[in-house]
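Trainee: Dropping a structure here in structure tokens format, bear with me for questions.
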Amino acid sequence: MTGIAILGVAGRMGRALVEAVQDSPDAELAGATVREGSQFLQADVGAIAGVGSTGIKAATTLDAGCDVIIDFTSVEALEANLELATRLARPIVIGTTGLSEAQKSLLSDTAREIPIVFAPNMSVGVNVLIDIVGRVASLLGDTYDVEIIETHHRFKKDAPSGTALRLGEAAADALGRSLSECAVYGREGHTGERTAREIGFETIRGGDVVGDHTVLFAGLGERVELTHKASSRLTFATGAVKAAVWLAGKPPGLYDMRDVLGLSADQNK
């Protein structure tokens, strides 16, 4: 049984993570944090998440009484959370999106000391989609235009979503392109004809949409659309718990959900 500690348990994802841990036959809740001054400080974590009593009280920090940490808090908290995991010598699963290049470098540096799973989307279905997108792009080739459309709730702070960018990377890699050189983020005005190598992104924000992603391969006379729609944050939380259970006992390294699901060509990172 893997003991999991959740950072930011009072947030939307934090509450979903509590439920996912409670539902998992392979995991148990071993700790949880809230911000200093939170109204939920010392409250039962199960009561916060609405799943009944757990016997675990929300604190402002963790001790070493867990096997793995899960962090879906914020980019602002990333450095402190990595320092915490390193100090406790505990693996950490990170699902926070919108990381800067410097923060991604920090992840890589920290992964030399502790095992880390980092993925912009922990959904099993999305990660299978990422795998499929690369295969389809390779089969269809350069004669099909690639466009990525993503929709999220009004509260999401980064755009395009990390998942959309990862889907774009999968297509670009399969086509022998660099996403940083061929990505086009939205279009407006007299743009001229679409170039053959660009990969376009369209972002929609509104309401309470959990997360929709579509990769469109448009050819002359036909198109292929690959779509994933998430209807509950529990989808991401369940994937994160699966990743945490998998990560326990692994050597230091930077892993992603492809490793967790056995989709990676290199299982010896």
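Letters A, B, ... mark the chains of the structure tokens in the order given; residue numbers begin at 1 per chain; ligand numbers begin at 1, in order shown.
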Check range 144-181 of chain A with DSSP on the backbone and list each residue it calls strand (DSSP E), as a list of chain:residue names.

Mentor: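 Of range 144-181 of chain A, the ones in strand (DSSP E) are A:Asp145, A:Val146, A:Glu147, A:Ile148, A:Ile149, A:Glu150, A:Thr151, A:His152.
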
Trainee: What's the 9 Å shell around range 221-238 of chain A, counting only C-alpha atoms, without same-chain residues fewer than 3 positions away, as a PDB file with C-alpha atoms, in the first residue's frame?

Mentor:
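Written out: selection_32.pdb:
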ATOM      1  CA  ARG A  12     -10.395  21.612  -6.876  1.00  0.00           C
ATOM      2  CA  MET A  13      -7.763  19.075  -7.874  1.00  0.00           C
ATOM      3  CA  GLY A  14      -6.702  18.493  -4.288  1.00  0.00           C
ATOM      4  CA  ALA A  16     -10.420  15.126  -6.395  1.00  0.00           C
ATOM      5  CA  LEU A  17      -7.086  13.572  -5.438  1.00  0.00           C
ATOM      6  CA  VAL A  18      -8.401  12.700  -1.976  1.00  0.00           C
ATOM      7  CA  GLU A  19     -11.335  10.902  -3.587  1.00  0.00           C
ATOM      8  CA  ALA A  20      -9.041   9.085  -6.016  1.00  0.00           C
ATOM      9  CA  VAL A  21      -6.758   7.908  -3.212  1.00  0.00           C
ATOM     10  CA  ASP A  23     -10.974   4.767  -4.325  1.00  0.00           C
ATOM     11  CA  SER A  24      -7.602   3.159  -5.054  1.00  0.00           C
ATOM     12  CA  GLY A  95       0.615  17.894 -12.669  1.00  0.00           C
ATOM     13  CA  ASN A 121      -2.197  15.711 -18.187  1.00  0.00           C
ATOM     14  CA  MET A 122      -2.461  12.624 -15.975  1.00  0.00           C
ATOM     15  CA  SER A 123      -5.492  11.173 -17.747  1.00  0.00           C
ATOM     16  CA  VAL A 124      -4.883   7.666 -19.050  1.00  0.00           C
ATOM     17  CA  GLY A 125      -7.060   8.429 -22.092  1.00  0.00           C
ATOM     18  CA  VAL A 126      -5.200  11.621 -22.963  1.00  0.00           C
ATOM     19  CA  LEU A 129      -4.281   9.928 -27.390  1.00  0.00           C
ATOM     20  CA  ILE A 132      -1.975   7.759 -31.190  1.00  0.00           C
ATOM     21  CA  VAL A 133      -1.434  11.301 -32.508  1.00  0.00           C
ATOM     22  CA  TYR A 144      -2.256  16.797 -44.020  1.00  0.00           C
ATOM     23  CA  VAL A 209     -15.517  22.764 -19.098  1.00  0.00           C
ATOM     24  CA  VAL A 210     -13.092  20.313 -17.492  1.00  0.00           C
ATOM     25  CA  GLY A 211     -11.043  19.815 -20.647  1.00  0.00           C
ATOM     26  CA  ASP A 212     -11.638  19.019 -24.331  1.00  0.00           C
ATOM     27  CA  HIS A 213      -8.868  18.441 -26.873  1.00  0.00           C
ATOM     28  CA  THR A 214      -9.144  17.741 -30.595  1.00  0.00           C
ATOM     29  CA  VAL A 215      -6.306  17.123 -33.035  1.00  0.00           C
ATOM     30  CA  LEU A 216      -7.449  17.745 -36.594  1.00  0.00           C
ATOM     31  CA  PHE A 217      -5.575  16.298 -39.558  1.00  0.00           C
ATOM     32  CA  ALA A 218      -7.056  18.035 -42.593  1.00  0.00           C
ATOM     33  CA  VAL A 241      -2.612   8.265  -8.082  1.00  0.00           C
ATOM     34  CA  LYS A 242      -1.706   5.530 -10.570  1.00  0.00           C
ATOM     35  CA  ALA A 243       1.499   7.455 -11.315  1.00  0.00           C
TER      36      ALA A 243
END

Trainee: Measuring between only C-alpha atoms, which one of A:Val117, A:Ala164, A:Cys182, A:Leu82 shows the shortest distance to Gly253 in chain A?

Mentor: A:Val117

Trainee: Between A:Thr33, A:Thr73, A:Ser138, A:Thr96, which is the closest to Ala171 in chain A once you count only C-alpha atoms?

Mentor: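 Checking each candidate against Ala171 in chain A, we get A:Ser138 as the closest.
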
Trainee: Rounded to one decimal, what separation in Å do you get between CA of Asp145 in chain A and CA of Ile199 in chain A?

Mentor: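 Separation of CA of Asp145 in chain A and CA of Ile199 in chain A: 7.3 Å.
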
Trainee: Which distance in Å separates CA of Gly200 in chain A and CA of Leu140 in chain A, to one decimal?

Mentor: 16.7 Å

Trainee: Using only C-alpha atoms, which of A:Leu254, A:Val184, A:Val34, A:Ala137 sits nearest Pro115 in chain A?

Mentor: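 Of the candidates, the smallest distance to Pro115 in chain A is held by A:Leu254.
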